[in-house]
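Source file: my_file.tsv; contents: TSV, C-alpha atoms.
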chain	number	residue	atom	x	y	z
A	1	MET	CA	106.76	90.45	93.82
A	2	ALA	CA	108.74	93.08	95.69
A	3	ALA	CA	112.03	91.91	97.19
A	4	LEU	CA	111.70	94.30	100.14
A	5	SER	CA	109.19	93.97	102.98
A	6	ILE	CA	107.64	97.08	104.48
A	7	LEU	CA	107.87	97.35	108.26
A	8	ARG	CA	104.57	97.75	110.11
A	9	TYR	CA	103.96	100.22	112.89
A	10	PRO	CA	104.72	99.97	115.85
A	11	ASP	CA	107.92	98.14	114.82
A	12	SER	CA	110.75	99.82	116.75
A	13	ARG	CA	112.98	99.86	113.64
A	14	LEU	CA	110.70	102.59	112.23
A	15	HIS	CA	112.15	104.88	114.92
A	16	THR	CA	115.73	104.56	113.67
A	17	VAL	CA	117.23	107.80	112.36
A	18	ALA	CA	118.67	107.27	108.88
A	19	ALA	CA	122.28	108.00	108.03
A	20	ASN	CA	123.45	110.09	105.07
A	21	VAL	CA	124.35	108.28	101.88
A	22	THR	CA	128.06	108.83	101.26
A	23	GLN	CA	128.01	107.89	97.57
A	24	VAL	CA	125.25	107.20	95.06
A	25	ASP	CA	126.56	103.98	93.55
A	26	ASP	CA	125.12	100.76	92.09
A	27	LYS	CA	124.15	99.55	95.58
A	28	ILE	CA	122.07	102.70	96.18
A	29	ARG	CA	120.55	102.53	92.68
A	30	LYS	CA	119.51	98.92	93.37
A	31	LEU	CA	117.96	100.04	96.65
A	32	ILE	CA	116.07	102.79	94.77
A	33	ASN	CA	114.75	100.28	92.21
A	34	ASP	CA	113.75	97.79	94.91
A	35	MET	CA	112.04	100.53	96.92
A	36	ALA	CA	110.10	101.70	93.86
A	37	GLU	CA	109.00	98.13	93.17
A	38	ALA	CA	107.84	97.70	96.78
A	39	MET	CA	106.03	101.06	96.74
A	40	TYR	CA	104.19	100.32	93.50
A	41	ALA	CA	103.29	96.79	94.64
A	42	ALA	CA	101.90	97.98	97.99
A	43	PRO	CA	100.41	100.24	96.32
A	44	GLY	CA	101.58	103.61	97.60
A	45	VAL	CA	102.84	107.01	96.49
A	46	GLY	CA	105.94	107.29	98.69
A	47	LEU	CA	108.41	105.15	100.57
A	48	ALA	CA	111.42	105.91	102.77
A	49	ALA	CA	114.30	103.47	103.12
A	50	THR	CA	113.64	103.32	106.86
A	51	GLN	CA	110.32	101.62	106.09
A	52	VAL	CA	112.15	98.71	104.46
A	53	ASP	CA	114.67	98.44	107.32
A	54	VAL	CA	117.47	100.20	105.43
A	55	HIS	CA	118.53	103.16	107.50
A	56	LEU	CA	119.88	105.44	104.80
A	57	ARG	CA	118.46	108.80	103.72
A	58	VAL	CA	116.69	107.65	100.55
A	59	ILE	CA	113.11	108.41	99.51
A	60	VAL	CA	111.09	107.45	96.43
A	61	ILE	CA	107.83	109.21	95.49
A	62	ASP	CA	105.45	108.89	92.56
A	63	ILE	CA	102.15	110.73	92.91
A	64	SER	CA	101.17	110.20	89.25
A	65	SER	CA	98.15	108.05	88.44
A	66	THR	CA	100.20	106.32	85.72
A	67	HIS	CA	103.10	105.31	88.02
A	68	ASP	CA	105.70	106.57	85.58
A	69	GLN	CA	107.01	109.72	87.28
A	70	LEU	CA	109.29	108.34	89.96
A	71	ARG	CA	111.10	111.00	91.98
A	72	VAL	CA	114.18	110.05	93.96
A	73	PHE	CA	115.53	112.04	96.91
A	74	VAL	CA	118.89	111.00	98.38
A	75	ASN	CA	119.97	112.92	101.49
A	76	PRO	CA	116.98	115.29	101.27
A	77	GLU	CA	117.25	118.54	103.17
A	78	LEU	CA	114.30	120.83	103.84
A	79	LEU	CA	115.35	124.36	102.91
A	80	ALA	CA	112.08	126.19	103.53
A	81	ALA	CA	108.47	125.53	104.46
A	82	SER	CA	105.52	127.91	104.35
A	83	GLY	CA	101.79	127.96	104.79
A	84	GLN	CA	99.73	125.38	106.56
A	85	ALA	CA	97.43	122.67	105.24
A	86	ASP	CA	95.45	119.83	106.77
A	87	CYS	CA	95.64	116.73	104.66
A	88	GLU	CA	94.37	113.21	105.19
A	89	GLU	CA	97.40	110.93	105.22
A	90	GLY	CA	97.94	107.23	105.15
A	91	CYS	CA	101.15	105.21	105.37
A	92	LEU	CA	102.34	101.91	103.96
A	93	SER	CA	103.68	101.09	107.44
A	94	VAL	CA	100.26	101.76	108.99
A	95	PRO	CA	97.92	99.98	106.56
A	96	GLY	CA	94.28	100.98	106.47
A	97	VAL	CA	94.72	104.04	108.70
A	98	TYR	CA	93.99	107.52	107.36
A	99	GLU	CA	94.02	110.62	109.55
A	100	LYS	CA	94.23	114.40	109.10
A	101	VAL	CA	97.68	115.83	109.74
A	102	THR	CA	98.78	119.46	109.62
A	103	ARG	CA	101.82	120.07	107.43
A	104	ALA	CA	103.44	122.96	105.59
A	105	GLU	CA	101.58	123.81	102.40
A	106	ARG	CA	104.75	124.49	100.40
A	107	VAL	CA	108.30	123.23	100.79
A	108	SER	CA	111.66	123.70	99.19
A	109	VAL	CA	113.98	120.71	99.33
A	110	ARG	CA	117.53	120.01	98.20
A	111	ALA	CA	118.64	116.43	97.49
A	112	LEU	CA	120.61	114.19	95.18
A	113	ASP	CA	118.89	112.27	92.41
A	114	GLY	CA	119.47	108.60	91.53
A	115	ASP	CA	122.63	109.55	89.64
A	116	GLY	CA	124.07	111.59	92.51
A	117	ARG	CA	123.33	114.99	90.96
A	118	GLU	CA	122.17	117.71	93.33
A	119	PHE	CA	118.83	119.41	92.67
A	120	THR	CA	116.46	121.79	94.41
A	121	LEU	CA	112.69	121.40	94.16
A	122	GLU	CA	109.82	123.66	95.13
A	123	ALA	CA	106.71	121.60	95.90
A	124	ASP	CA	103.14	122.15	97.05
A	125	GLY	CA	99.99	120.09	97.39
A	126	LEU	CA	100.30	116.31	97.55
A	127	LEU	CA	103.97	116.32	96.58
A	128	ALA	CA	104.83	118.65	99.48
A	129	VAL	CA	102.88	116.44	101.88
A	130	CYS	CA	104.64	113.30	100.61
A	131	ILE	CA	108.07	114.85	100.91
A	132	GLN	CA	107.42	115.91	104.51
A	133	HIS	CA	105.86	112.54	105.41
A	134	GLU	CA	108.78	110.53	103.99
A	135	MET	CA	111.39	112.87	105.49
A	136	ASP	CA	109.74	112.27	108.87
A	137	HIS	CA	110.42	108.54	108.37
A	138	LEU	CA	114.11	109.32	107.86
A	139	GLU	CA	114.06	111.00	111.28
A	140	GLY	CA	112.43	107.94	112.87
A	141	LYS	CA	108.95	109.45	113.03
A	142	VAL	CA	105.64	107.93	111.90
A	143	PHE	CA	102.69	110.19	111.02
A	144	VAL	CA	100.37	108.69	113.64
A	145	GLU	CA	102.70	110.07	116.31
A	146	LYS	CA	101.50	113.56	115.33
A	147	LEU	CA	98.02	112.56	116.54
A	148	SER	CA	96.57	112.62	120.05
A	149	ARG	CA	97.46	109.80	122.45
A	150	LEU	CA	93.83	108.66	122.29
A	151	LYS	CA	93.93	108.31	118.51
A	152	GLN	CA	97.32	106.57	118.69
A	153	GLY	CA	95.87	104.04	121.15
A	154	ARG	CA	92.88	103.37	118.90
A	155	ILE	CA	95.15	102.91	115.90
A	156	LEU	CA	97.37	100.44	117.78
A	157	ALA	CA	94.31	98.47	118.89
A	158	ARG	CA	93.01	98.37	115.31
A	159	LEU	CA	96.37	97.19	113.96
A	160	LYS	CA	96.60	94.45	116.62
A	161	LYS	CA	93.11	93.32	115.68
A	162	GLN	CA	94.12	93.19	111.99
A	163	ASP	CA	97.17	91.10	112.92
A	164	ARG	CA	95.03	88.66	114.96
A	165	ARG	CA	92.56	88.26	112.10
A	166	ALA	CA	95.39	87.60	109.66
A	167	THR	CA	96.67	84.72	111.78
A	168	GLU	CA	93.28	83.16	112.66
A	169	PRO	CA	92.01	80.33	110.48
A	170	ASP	CA	89.24	81.34	108.13
A	171	ALA	CA	85.98	79.82	109.43
A	172	ARG	CA	84.68	79.43	105.87
A	173	ARG	CA	87.59	77.16	105.03
A	174	LEU	CA	86.86	74.96	108.04
A	175	ALA	CA	83.29	74.21	106.98
A	176	LEU	CA	82.86	70.72	105.53
Same coordinates, now as structure tokens:
Amino acid sequence: MAALSILRYPDSRLHTVAANVTQVDDKIRKLINDMAEAMYAAPGVGLAATQVDVHLRVIVIDISSTHDQLRVFVNPELLAASGQADCEEGCLSVPGVYEKVTRAERVSVRALDGDGREFTLEADGLLAVCIQHEMDHLEGKVFVEKLSRLKQGRILARLKKQDRRATEPDARRLAL
């Protein structure tokens, strides 16, 4: 079981802007490992430290079907973005909600890896979407906030309903 809990929208902590990591040390590597464990357990393909109430610029992503290609981005910086694509997105902090969002089709990003080495990556497709989505989290933004106010209201109502159902006793268990 994952040691980290994922914050649920509309938790105000999701709007905290993350600070730069000053040194990739054992503490940060433990955070990376714990984040990967939480992401895989959820299950998801990306997770930002902000989502686990750690407000540092750390992202983990694994879009592989085999869950063995973990990518780590510490202090990611978007260098370039081009094109435009509409992609249906979901979020571990907004469970069960999937909506179309317009993002750049291709991105170039510079970051540190889990050992503190700088790298630059050109990405497109799902990886580009994930990078942009998770970088938004580091800026205190959640993907549903890119949607219309009407859709945001419907999503909030749906999440509140899910929360109520989770706390109500199950009628089948009450039957004698």
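Rounded to one decimal, atom CA of A:Leu159 and atom CA of A:Val94 lie 7.8 Å from each other.
With atom CA of A:Leu56 on one side and atom CA of A:Ala42 on the other, the separation reads 20.6 Å.
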Report as a PyMOL selection string all protein, DNA and RNA residues lying within 9 Å of A:Ala128, evaluated on only C-alpha atoms, omitting residues in the same chain fewer than 5 positions from it. chain A and resi 103-108+122-123+133
From the list A:Leu138, A:Ile155, A:Ile61, A:Val109, the nearest residue to A:Met39 using only C-alpha atoms is A:Ile61
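With atom CA of A:Asp68 on one side and atom CA of A:His137 on the other, the separation reads 23.4 Å.
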Give me the residues near A:Glu145 as a list of chain:residue names, where near means some atom within 12 Å (using all atoms listed in the file) and where sequence neighbours in that chain fewer than 6 positions away do not count. A:Tyr9, A:Pro10, A:Leu14, A:His15, A:Val94, A:Glu99, A:Lys100, A:Val101, A:His133, A:Asp136, A:His137, A:Lys151, A:Gln152, A:Gly153, A:Ile155, A:Leu156
What residues have an atom no more than 12 Å from (93.9, 116.6, 109.8) in the file's own frame, counting only C-alpha atoms, and can you write them as an MDAnalysis selection string? chainID A and resid 84:90 98:103 129 143:144 146:148
Shortest interatomic distance to A:Arg71 - which of A:Leu92, A:Leu7, A:Val97, A:Leu127, counting only C-alpha atoms: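 Of the candidates, the smallest distance to A:Arg71 is held by A:Leu127.
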So that all listed atoms of stretch 102-118 of chain A fit with 8 Å spare on each side, what axis-aligned box centre and edge lengths in Å, to one decimal, would you give as JSON?
{"center_x": 111.4, "center_y": 116.5, "center_z": 99.6, "size_x": 41.3, "size_y": 31.9, "size_z": 36.0}
Contacts of stretch 48-52 of chain A within 12 Å, all atoms listed in the file, excl. fewer than 6 positions in-chain, as a ChimeraX atom specification: /A:2-21,28,30-39,58-61,71-76,91-94,130-142
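Among the candidates A:Asp163, A:Leu70, A:Tyr40, A:Ile63, the one nearest to A:Asp113 when counting only C-alpha atoms is A:Leu70.
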